[in-house]
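Shown below: work20.tsv, with TSV, N, CA and C atoms.
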```
chain	number	residue	atom	x	y	z
A	224	MET	N	0.82	-1.20	0.00
A	224	MET	CA	0.00	0.00	0.00
A	224	MET	C	0.86	1.26	0.00
A	225	SER	N	2.01	1.21	0.63
A	225	SER	CA	2.87	2.38	0.65
A	225	SER	C	3.44	2.66	-0.74
A	226	ARG	N	3.66	1.62	-1.52
A	226	ARG	CA	4.09	1.85	-2.91
A	226	ARG	C	3.01	2.55	-3.70
A	227	MET	N	1.77	2.17	-3.49
A	227	MET	CA	0.64	2.79	-4.17
A	227	MET	C	0.54	4.26	-3.78
A	228	THR	N	0.71	4.57	-2.52
A	228	THR	CA	0.66	5.94	-2.04
A	228	THR	C	1.81	6.76	-2.61
A	229	THR	N	3.00	6.19	-2.66
A	229	THR	CA	4.16	6.87	-3.21
A	229	THR	C	3.96	7.15	-4.70
A	230	LEU	N	3.46	6.16	-5.41
A	230	LEU	CA	3.20	6.33	-6.84
A	230	LEU	C	2.15	7.42	-7.09
A	231	ALA	N	1.09	7.42	-6.29
A	231	ALA	CA	0.05	8.44	-6.43
A	231	ALA	C	0.62	9.83	-6.14
A	232	ALA	N	1.48	9.93	-5.13
A	232	ALA	CA	2.09	11.22	-4.80
A	232	ALA	C	3.00	11.69	-5.93
A	233	LEU	N	3.74	10.78	-6.53
A	233	LEU	CA	4.61	11.15	-7.66
A	233	LEU	C	3.79	11.63	-8.85
A	234	VAL	N	2.71	10.93	-9.15
A	234	VAL	CA	1.86	11.31	-10.28
A	234	VAL	C	1.24	12.69	-10.02
A	235	CYS	N	0.75	12.91	-8.81
A	235	CYS	CA	0.15	14.21	-8.47
A	235	CYS	C	1.17	15.34	-8.56
A	236	SER	N	2.36	15.13	-8.02
A	236	SER	CA	3.37	16.19	-8.08
A	236	SER	C	3.83	16.45	-9.52
A	237	ALA	N	3.89	15.40	-10.34
A	237	ALA	CA	4.25	15.58	-11.75
A	237	ALA	C	3.18	16.40	-12.47
A	238	LEU	N	1.92	16.14	-12.16
A	238	LEU	CA	0.83	16.91	-12.78
A	238	LEU	C	0.88	18.37	-12.34
A	239	VAL	N	1.12	18.62	-11.07
A	239	VAL	CA	1.17	19.99	-10.56
A	239	VAL	C	2.35	20.74	-11.18
A	240	LEU	N	3.50	20.10	-11.25
A	240	LEU	CA	4.67	20.75	-11.85
A	240	LEU	C	4.49	20.98	-13.34
A	241	GLY	N	3.80	20.07	-14.01
A	241	GLY	CA	3.58	20.19	-15.45
A	241	GLY	C	2.54	21.23	-15.82
A	242	CYS	N	1.76	21.70	-14.87
A	242	CYS	CA	0.67	22.65	-15.16
A	242	CYS	C	1.08	24.10	-14.97
A	243	ARG	N	2.32	24.37	-14.75
A	243	ARG	CA	2.76	25.75	-14.59
A	243	ARG	C	2.57	26.52	-15.90
A	244	ALA	N	2.10	27.73	-15.79
A	244	ALA	CA	1.86	28.56	-16.97
A	244	ALA	C	3.18	29.11	-17.50
A	245	ASP	N	3.29	29.17	-18.81
A	245	ASP	CA	4.45	29.77	-19.46
A	245	ASP	C	4.21	31.27	-19.52
A	246	LEU	N	4.99	32.02	-18.75
A	246	LEU	CA	4.80	33.47	-18.66
A	246	LEU	C	5.75	34.25	-19.57
A	247	SER	N	6.53	33.55	-20.38
A	247	SER	CA	7.47	34.25	-21.26
A	247	SER	C	6.70	34.97	-22.38
A	248	PRO	N	7.24	36.08	-22.89
A	248	PRO	CA	6.54	36.81	-23.97
A	248	PRO	C	6.52	35.98	-25.25
A	249	SER	N	5.44	36.12	-25.99
A	249	SER	CA	5.30	35.39	-27.25
A	249	SER	C	5.84	36.25	-28.39
A	250	PRO	N	6.69	35.68	-29.23
A	250	PRO	CA	7.22	36.47	-30.35
A	250	PRO	C	6.20	36.62	-31.47
A	251	GLY	N	5.09	35.91	-31.41
A	251	GLY	CA	4.10	35.97	-32.48
A	251	GLY	C	4.49	35.09	-33.65
A	252	LEU	N	3.59	34.92	-34.57
A	252	LEU	CA	3.82	34.09	-35.75
A	252	LEU	C	3.79	34.95	-36.99
A	253	GLY	N	4.51	34.55	-38.00
A	253	GLY	CA	4.44	35.23	-39.28
A	253	GLY	C	3.12	34.92	-39.95
A	254	ASP	N	2.60	35.86	-40.71
A	254	ASP	CA	1.35	35.66	-41.43
A	254	ASP	C	1.59	34.66	-42.56
A	255	PRO	N	0.78	33.57	-42.63
A	255	PRO	CA	1.00	32.58	-43.69
A	255	PRO	C	0.61	33.08	-45.08
A	256	TYR	N	-0.14	34.19	-45.15
A	256	TYR	CA	-0.52	34.75	-46.43
A	256	TYR	C	0.47	35.85	-46.82
A	257	PRO	N	1.10	35.73	-47.98
A	257	PRO	CA	2.08	36.75	-48.38
A	257	PRO	C	1.40	38.08	-48.74
A	258	ALA	N	2.13	39.15	-48.57
A	258	ALA	CA	1.64	40.48	-48.97
A	258	ALA	C	1.51	40.51	-50.49
A	259	PRO	N	0.57	41.19	-51.06
A	259	PRO	CA	-0.45	42.03	-50.44
A	259	PRO	C	-1.72	41.26	-50.09
A	260	LEU	N	-1.74	39.93	-50.27
A	260	LEU	CA	-2.96	39.15	-50.01
A	260	LEU	C	-3.33	39.14	-48.54
A	261	ASN	N	-2.39	39.43	-47.65
A	261	ASN	CA	-2.69	39.39	-46.22
A	261	ASN	C	-3.41	40.65	-45.74
A	262	ASP	N	-3.59	41.63	-46.59
A	262	ASP	CA	-4.33	42.85	-46.24
A	262	ASP	C	-5.14	43.29	-47.45
A	263	PRO	N	-6.23	42.57	-47.73
A	263	PRO	CA	-7.01	42.87	-48.94
A	263	PRO	C	-7.69	44.23	-48.87
A	264	GLN	N	-7.97	44.80	-50.03
A	264	GLN	CA	-8.61	46.11	-50.08
A	264	GLN	C	-10.10	46.00	-49.71
A	265	ILE	N	-10.68	44.81	-49.89
A	265	ILE	CA	-12.06	44.56	-49.47
A	265	ILE	C	-12.02	43.39	-48.51
A	266	SER	N	-12.58	43.57	-47.33
A	266	SER	CA	-12.57	42.53	-46.31
A	266	SER	C	-13.98	42.32	-45.78
A	267	VAL	N	-14.54	41.12	-46.03
A	267	VAL	CA	-15.86	40.76	-45.50
A	267	VAL	C	-15.61	40.08	-44.16
A	268	LEU	N	-15.93	40.75	-43.08
A	268	LEU	CA	-15.60	40.27	-41.74
A	268	LEU	C	-16.52	39.15	-41.26
A	269	SER	N	-17.71	39.01	-41.85
A	269	SER	CA	-18.64	37.93	-41.53
A	269	SER	C	-18.49	36.87	-42.61
A	270	PRO	N	-17.83	35.74	-42.30
A	270	PRO	CA	-17.52	34.74	-43.33
A	270	PRO	C	-18.72	34.23	-44.12
A	271	GLU	N	-19.87	34.11	-43.49
A	271	GLU	CA	-21.04	33.59	-44.20
A	271	GLU	C	-21.56	34.54	-45.27
A	272	LEU	N	-21.18	35.83	-45.21
A	272	LEU	CA	-21.58	36.80	-46.24
A	272	LEU	C	-20.75	36.69	-47.51
A	273	ARG	N	-19.53	36.17	-47.41
A	273	ARG	CA	-18.58	36.17	-48.53
A	273	ARG	C	-19.14	35.60	-49.83
A	274	PRO	N	-19.80	34.44	-49.84
A	274	PRO	CA	-20.27	33.92	-51.13
A	274	PRO	C	-21.50	34.62	-51.68
A	275	TRP	N	-22.12	35.49	-50.91
A	275	TRP	CA	-23.37	36.12	-51.31
A	275	TRP	C	-23.20	37.52	-51.88
A	276	LEU	N	-22.00	38.06	-51.83
A	276	LEU	CA	-21.77	39.43	-52.28
A	276	LEU	C	-20.79	39.45	-53.45
A	277	GLY	N	-21.12	40.24	-54.47
A	277	GLY	CA	-20.24	40.42	-55.63
A	277	GLY	C	-19.78	41.85	-55.72
A	278	PHE	N	-18.47	42.06	-55.78
A	278	PHE	CA	-17.91	43.41	-55.77
A	278	PHE	C	-17.46	43.83	-57.17
A	279	HIS	N	-17.81	45.05	-57.54
A	279	HIS	CA	-17.36	45.66	-58.79
A	279	HIS	C	-16.10	46.46	-58.49
A	280	PRO	N	-15.34	46.85	-59.51
A	280	PRO	CA	-14.16	47.69	-59.26
A	280	PRO	C	-14.53	49.02	-58.60
A	281	ALA	N	-13.66	49.48	-57.73
A	281	ALA	CA	-13.89	50.74	-57.02
A	281	ALA	C	-13.76	51.92	-57.97
A	282	ILE	N	-14.56	52.93	-57.72
A	282	ILE	CA	-14.47	54.21	-58.43
A	282	ILE	C	-13.79	55.18	-57.46
A	283	ILE	N	-12.64	55.69	-57.87
A	283	ILE	CA	-11.83	56.51	-56.97
A	283	ILE	C	-11.62	57.90	-57.57
A	284	VAL	N	-11.81	58.92	-56.77
A	284	VAL	CA	-11.51	60.30	-57.17
A	284	VAL	C	-10.43	60.79	-56.22
A	285	ASP	N	-9.24	61.02	-56.76
A	285	ASP	CA	-8.11	61.46	-55.94
A	285	ASP	C	-7.35	62.52	-56.72
A	286	ASP	N	-7.79	63.76	-56.61
A	286	ASP	CA	-7.11	64.84	-57.35
A	286	ASP	C	-6.15	65.62	-56.45
A	287	ARG	N	-5.97	65.16	-55.22
A	287	ARG	CA	-5.04	65.72	-54.24
A	287	ARG	C	-5.40	67.13	-53.79
A	288	ALA	N	-6.30	67.82	-54.48
A	288	ALA	CA	-6.74	69.14	-54.03
A	288	ALA	C	-7.88	69.00	-53.02
A	289	ARG	N	-8.63	67.90	-53.15
A	289	ARG	CA	-9.73	67.60	-52.24
A	289	ARG	C	-9.49	66.23	-51.62
A	290	PRO	N	-10.19	65.91	-50.54
A	290	PRO	CA	-10.01	64.59	-49.92
A	290	PRO	C	-10.37	63.44	-50.88
A	291	TYR	N	-9.65	62.36	-50.71
A	291	TYR	CA	-9.83	61.11	-51.46
A	291	TYR	C	-11.28	60.64	-51.30
A	292	ARG	N	-11.92	60.28	-52.43
A	292	ARG	CA	-13.29	59.77	-52.40
A	292	ARG	C	-13.32	58.42	-53.09
A	293	VAL	N	-14.16	57.53	-52.57
A	293	VAL	CA	-14.25	56.18	-53.15
A	293	VAL	C	-15.70	55.71	-53.11
A	294	GLU	N	-16.05	54.91	-54.13
A	294	GLU	CA	-17.37	54.30	-54.23
A	294	GLU	C	-17.17	52.88	-54.76
A	295	VAL	N	-17.75	51.90	-54.05
A	295	VAL	CA	-17.62	50.50	-54.45
A	295	VAL	C	-19.02	49.93	-54.67
A	296	PRO	N	-19.37	49.58	-55.91
A	296	PRO	CA	-20.65	48.91	-56.15
A	296	PRO	C	-20.58	47.45	-55.68
A	297	VAL	N	-21.64	47.02	-54.98
A	297	VAL	CA	-21.70	45.66	-54.45
A	297	VAL	C	-23.07	45.08	-54.79
A	298	ARG	N	-23.07	43.85	-55.31
A	298	ARG	CA	-24.33	43.18	-55.64
A	298	ARG	C	-24.65	42.11	-54.61
A	299	ASN	N	-25.89	42.12	-54.14
A	299	ASN	CA	-26.42	41.02	-53.33
A	299	ASN	C	-26.82	39.94	-54.33
A	300	MET	N	-26.13	38.82	-54.34
A	300	MET	CA	-26.36	37.79	-55.36
A	300	MET	C	-27.37	36.74	-54.93
A	301	THR	N	-28.16	37.04	-53.89
A	301	THR	CA	-29.15	36.08	-53.39
A	301	THR	C	-30.56	36.61	-53.61
A	302	ASP	N	-31.53	35.82	-53.20
A	302	ASP	CA	-32.93	36.21	-53.29
A	302	ASP	C	-33.46	36.72	-51.94
A	303	ARG	N	-32.57	37.06	-51.03
A	303	ARG	CA	-32.96	37.55	-49.71
A	303	ARG	C	-32.39	38.94	-49.47
A	304	GLN	N	-33.12	39.72	-48.67
A	304	GLN	CA	-32.61	41.04	-48.28
A	304	GLN	C	-31.66	40.86	-47.10
A	305	TYR	N	-30.57	41.64	-47.11
A	305	TYR	CA	-29.62	41.62	-46.00
A	305	TYR	C	-29.38	43.04	-45.51
A	306	LEU	N	-29.13	43.16	-44.22
A	306	LEU	CA	-28.70	44.43	-43.64
A	306	LEU	C	-27.24	44.25	-43.27
A	307	VAL	N	-26.40	45.10	-43.83
A	307	VAL	CA	-24.97	45.01	-43.55
A	307	VAL	C	-24.45	46.36	-43.05
A	308	ASP	N	-23.37	46.28	-42.29
A	308	ASP	CA	-22.63	47.46	-41.88
A	308	ASP	C	-21.38	47.53	-42.74
A	309	TYR	N	-20.95	48.74	-43.08
A	309	TYR	CA	-19.69	48.90	-43.81
A	309	TYR	C	-18.97	50.14	-43.32
A	310	ARG	N	-17.68	50.14	-43.56
A	310	ARG	CA	-16.88	51.33	-43.29
A	310	ARG	C	-15.65	51.29	-44.19
A	311	PHE	N	-15.13	52.47	-44.48
A	311	PHE	CA	-13.88	52.60	-45.22
A	311	PHE	C	-12.80	53.07	-44.27
A	312	LEU	N	-11.63	52.50	-44.41
A	312	LEU	CA	-10.44	52.97	-43.71
A	312	LEU	C	-9.56	53.61	-44.76
A	313	PHE	N	-8.94	54.72	-44.43
A	313	PHE	CA	-8.10	55.43	-45.39
A	313	PHE	C	-6.65	55.43	-44.92
A	314	TYR	N	-5.73	55.41	-45.89
A	314	TYR	CA	-4.30	55.32	-45.60
A	314	TYR	C	-3.53	56.40	-46.35
A	315	ASP	N	-2.44	56.86	-45.74
A	315	ASP	CA	-1.60	57.86	-46.39
A	315	ASP	C	-0.52	57.20	-47.24
A	316	GLU	N	0.39	58.00	-47.79
A	316	GLU	CA	1.44	57.48	-48.68
A	316	GLU	C	2.34	56.46	-48.02
A	317	ASP	N	2.49	56.55	-46.70
A	317	ASP	CA	3.34	55.61	-45.97
A	317	ASP	C	2.60	54.36	-45.52
A	318	GLY	N	1.31	54.26	-45.85
A	318	GLY	CA	0.52	53.10	-45.44
A	318	GLY	C	-0.07	53.22	-44.05
A	319	MET	N	0.07	54.39	-43.44
A	319	MET	CA	-0.47	54.62	-42.10
A	319	MET	C	-1.93	55.03	-42.21
A	320	GLU	N	-2.74	54.55	-41.25
A	320	GLU	CA	-4.16	54.86	-41.26
A	320	GLU	C	-4.38	56.35	-40.97
A	321	VAL	N	-5.23	56.96	-41.79
A	321	VAL	CA	-5.57	58.38	-41.63
A	321	VAL	C	-6.76	58.47	-40.67
A	322	THR	N	-6.65	59.33	-39.68
A	322	THR	CA	-7.74	59.49	-38.72
A	322	THR	C	-8.50	60.77	-39.02
A	323	PRO	N	-9.72	60.92	-38.61
A	323	PRO	CA	-10.49	59.97	-37.82
A	323	PRO	C	-10.98	58.82	-38.68
A	324	THR	N	-11.20	57.68	-38.02
A	324	THR	CA	-11.71	56.49	-38.70
A	324	THR	C	-13.21	56.62	-38.88
A	325	MET	N	-13.69	56.24	-40.04
A	325	MET	CA	-15.13	56.28	-40.33
A	325	MET	C	-15.86	55.31	-39.41
A	326	GLY	N	-17.02	55.73	-38.91
A	326	GLY	CA	-17.87	54.82	-38.13
A	326	GLY	C	-18.59	53.86	-39.07
A	327	TRP	N	-19.20	52.85	-38.50
A	327	TRP	CA	-19.93	51.86	-39.29
A	327	TRP	C	-21.25	52.47	-39.78
A	328	GLU	N	-21.58	52.21	-41.06
A	328	GLU	CA	-22.84	52.66	-41.68
A	328	GLU	C	-23.66	51.42	-42.01
A	329	MET	N	-24.95	51.45	-41.69
A	329	MET	CA	-25.82	50.33	-42.05
A	329	MET	C	-26.49	50.61	-43.38
A	330	ILE	N	-26.61	49.56	-44.20
A	330	ILE	CA	-27.28	49.70	-45.50
A	330	ILE	C	-28.05	48.42	-45.80
A	331	PRO	N	-29.31	48.56	-46.28
A	331	PRO	CA	-30.04	47.36	-46.71
A	331	PRO	C	-29.58	46.95	-48.11
A	332	MET	N	-29.47	45.66	-48.32
A	332	MET	CA	-29.10	45.14	-49.63
A	332	MET	C	-30.27	44.30	-50.14
A	333	GLU	N	-30.96	44.83	-51.14
A	333	GLU	CA	-32.13	44.15	-51.70
A	333	GLU	C	-31.68	42.97	-52.56
A	334	PRO	N	-32.56	41.96	-52.71
A	334	PRO	CA	-32.20	40.78	-53.52
A	334	PRO	C	-31.79	41.15	-54.95
A	335	ARG	N	-30.68	40.61	-55.38
A	335	ARG	CA	-30.17	40.73	-56.76
A	335	ARG	C	-29.88	42.16	-57.19
A	336	GLN	N	-29.80	43.10	-56.26
A	336	GLN	CA	-29.59	44.50	-56.60
A	336	GLN	C	-28.18	44.95	-56.22
A	337	VAL	N	-27.75	46.03	-56.87
A	337	VAL	CA	-26.45	46.63	-56.60
A	337	VAL	C	-26.66	47.85	-55.69
A	338	VAL	N	-25.84	47.96	-54.66
A	338	VAL	CA	-25.79	49.17	-53.83
A	338	VAL	C	-24.39	49.75	-54.00
A	339	ARG	N	-24.28	51.03	-53.80
A	339	ARG	CA	-22.99	51.70	-53.92
A	339	ARG	C	-22.55	52.17	-52.53
A	340	LEU	N	-21.47	51.60	-52.07
A	340	LEU	CA	-20.91	51.97	-50.78
A	340	LEU	C	-19.91	53.09	-51.04
A	341	ARG	N	-20.09	54.23	-50.36
A	341	ARG	CA	-19.23	55.38	-50.66
A	341	ARG	C	-18.80	56.09	-49.40
A	342	SER	N	-17.67	56.76	-49.55
A	342	SER	CA	-17.15	57.56	-48.45
A	342	SER	C	-16.07	58.50	-48.97
A	343	SER	N	-15.73	59.47	-48.13
A	343	SER	CA	-14.63	60.40	-48.40
A	343	SER	C	-13.74	60.44	-47.17
A	344	ALA	N	-12.45	60.57	-47.42
A	344	ALA	CA	-11.52	60.76	-46.31
A	344	ALA	C	-11.75	62.14	-45.72
A	345	MET	N	-11.30	62.31	-44.50
A	345	MET	CA	-11.48	63.60	-43.83
A	345	MET	C	-10.30	64.55	-44.06
A	346	SER	N	-9.26	64.05	-44.74
A	346	SER	CA	-8.11	64.93	-45.03
A	346	SER	C	-7.57	64.61	-46.41
A	347	THR	N	-6.74	65.49	-46.92
A	347	THR	CA	-6.14	65.28	-48.24
A	347	THR	C	-4.92	64.36	-48.17
A	348	ASP	N	-4.58	63.85	-46.99
A	348	ASP	CA	-3.43	62.94	-46.85
A	348	ASP	C	-3.73	61.54	-47.38
A	349	ALA	N	-5.00	61.15	-47.48
A	349	ALA	CA	-5.36	59.79	-47.90
A	349	ALA	C	-5.04	59.55	-49.36
A	350	VAL	N	-4.45	58.38	-49.64
A	350	VAL	CA	-4.13	58.00	-51.03
A	350	VAL	C	-4.63	56.60	-51.36
A	351	SER	N	-5.14	55.86	-50.37
A	351	SER	CA	-5.70	54.53	-50.62
A	351	SER	C	-6.75	54.22	-49.56
A	352	HIS	N	-7.43	53.10	-49.74
A	352	HIS	CA	-8.54	52.76	-48.85
A	352	HIS	C	-8.62	51.26	-48.62
A	353	ARG	N	-9.46	50.90	-47.67
A	353	ARG	CA	-9.83	49.51	-47.39
A	353	ARG	C	-11.31	49.54	-47.00
A	354	LEU	N	-12.10	48.63	-47.59
A	354	LEU	CA	-13.52	48.51	-47.28
A	354	LEU	C	-13.72	47.30	-46.39
A	355	GLU	N	-14.47	47.47	-45.30
A	355	GLU	CA	-14.81	46.37	-44.40
A	355	GLU	C	-16.32	46.26	-44.33
A	356	LEU	N	-16.84	45.01	-44.40
A	356	LEU	CA	-18.28	44.74	-44.30
A	356	LEU	C	-18.52	43.67	-43.25
A	357	ARG	N	-19.69	43.74	-42.61
A	357	ARG	CA	-20.11	42.74	-41.64
A	357	ARG	C	-21.64	42.77	-41.55
A	358	TRP	N	-22.22	41.81	-40.85
A	358	TRP	CA	-23.65	41.85	-40.58
A	358	TRP	C	-23.97	43.12	-39.79
A	359	ALA	N	-25.13	43.71	-40.03
A	359	ALA	CA	-25.54	44.90	-39.28
A	359	ALA	C	-25.79	44.52	-37.83
A	360	ARG	N	-25.47	45.44	-36.95
A	360	ARG	CA	-25.65	45.19	-35.51
A	360	ARG	C	-26.72	46.06	-34.95
```
As structure tokens, the full file:
Amino acid sequence: MSRMTTLAALVCSALVLGCRADLSPSPGLGDPYPAPLNDPQISVLSPELRPWLGFHPAIIVDDRARPYRVEVPVRNMTDRQYLVDYRFLFYDEDGMEVTPTMGWEMIPMEPRQVVRLRSSAMSTDAVSHRLELRWAR
């Protein structure tokens, strides 16, 4: 019986010692998707929406005298109406995000119809954009 008790004590102490948390800093992992695919210009944040939306090329007005403007036509390719939120993020020549960041806008998407998602940057520093979509909240 003392062997059984000793064995149980060894197993318990091994479990306790093995359960210590690793408190060292994590160096992080490299993104498995190479640039520029790892930061797409259009990002559908709700995965189930991805197969239901069709995007047309963006219409961009950037004359540098006025703030950057963009419009992206999007088709709801289903027979159901959806309510989605969208926002544009704008970036300067160095790839840094231009502030203030646009808030989320809700828009209804009628079956088989095209809606135009549009926005303007708040400063003339913007030279590119990123569109994000998700289910409306």
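Residues with any atom within 8 Å of the point (-34.6, 38.8, -48.0), counting all atoms listed in the file, are Thr301, Asp302, Arg303, Gln304, Tyr305, Leu306, Met332, Glu333 and Pro334 of chain A.
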Report task. Considering only N, CA and C atoms, state which residue in the set A:Met300, A:Glu328, A:Glu320, A:Leu312 is at the smallest distance from Ala359 (chain A). Result ->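 When distances to Ala359 (chain A) are compared using only N, CA and C atoms, the smallest one comes from A:Glu328.
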Compile the contact shell of Glu355 (chain A) as a compact mmCIF listing (two decimals) with N, CA and C atoms, in the frame of the given file: residues with an atom at most 7 Å away, counting only N, CA and C atoms, same-chain residues fewer than 5 positions apart removed.
```txt
# COMPACT_ATOMS: atom_id res chain seq x y z
N GLN A 264 -7.97 44.80 -50.03
CA GLN A 264 -8.61 46.11 -50.08
C GLN A 264 -10.10 46.00 -49.71
N ILE A 265 -10.68 44.81 -49.89
CA ILE A 265 -12.06 44.56 -49.47
C ILE A 265 -12.02 43.39 -48.51
N SER A 266 -12.58 43.57 -47.33
CA SER A 266 -12.57 42.53 -46.31
C SER A 266 -13.98 42.32 -45.78
N VAL A 267 -14.54 41.12 -46.03
CA VAL A 267 -15.86 40.76 -45.50
C VAL A 267 -15.61 40.08 -44.16
N LEU A 268 -15.93 40.75 -43.08
CA LEU A 268 -15.60 40.27 -41.74
C LEU A 268 -16.52 39.15 -41.26
N ASP A 308 -23.37 46.28 -42.29
CA ASP A 308 -22.63 47.46 -41.88
C ASP A 308 -21.38 47.53 -42.74
N TYR A 309 -20.95 48.74 -43.08
CA TYR A 309 -19.69 48.90 -43.81
C TYR A 309 -18.97 50.14 -43.32
N ARG A 310 -17.68 50.14 -43.56
CA ARG A 310 -16.88 51.33 -43.29
C ARG A 310 -15.65 51.29 -44.19
N PHE A 311 -15.13 52.47 -44.48
CA PHE A 311 -13.88 52.60 -45.22
C PHE A 311 -12.80 53.07 -44.27
N LEU A 312 -11.63 52.50 -44.41
CA LEU A 312 -10.44 52.97 -43.71
C LEU A 312 -9.56 53.61 -44.76
```
Query raised in the report: Between A:Met329, A:Ala344, A:Leu246, A:Val307, which is the closest to Val293 (chain A) once you count all atoms listed in the file?
Result: A:Ala344
**Report entry** Top pick for closest residue to Ala281 (chain A), considering A:Arg339, A:Tyr314, A:Arg360, A:Asp262 and counting only C-alpha atoms
**Finding:**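 Under the stated criterion, the closest residue is A:Arg339.
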Query raised in the report: Excluding same-chain residues fewer than 4 positions from Gly277 (chain A), what lies within 8 Å of it counting only N, CA and C atoms, as a count of residues only?
Result: 8
Around all the atoms of region 280-285 of chain A listed in the file, with 4 Å of room on each side, what axis-aligned box do you get, giving centre and edge lengths in Å to one decimal, as AutoDock Vina command-line options?
```
--center_x -11.3 --center_y 54.7 --center_z -57.7 --size_x 16.0 --size_y 23.7 --size_z 11.6
```
**Report entry** Contact residues around Val295 (chain A) with only C-alpha atoms at 8 Å, ignoring same-chain residues under 3 positions, as a ChimeraX atom specification
**Finding:** /A:278-282,339-341
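Rounded to one decimal, CA of Asp285 (chain A) and atom N of Met325 (chain A) lie 17.6 Å from each other.
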Report task. Mind giving me the straight-line distance from CA of Arg357 (chain A) to CA of Glu271 (chain A) in Å, one decimal? Result ->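 Interatomic distance, CA of Arg357 (chain A) to CA of Glu271 (chain A): 9.5 Å.
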Requested in this report: Could you check how far CA of Ser351 (chain A) sits from CA of Trp327 (chain A), in Å to one decimal?
Outcome: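 Distance between the two atoms: 18.4 Å.
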Query raised in the report: Could you pull out all residues of region 263-332 of chain A with a DSSP call of helix (DSSP H, G or I) and give them as a ChimeraX atom specification?
Result: /A:270-275
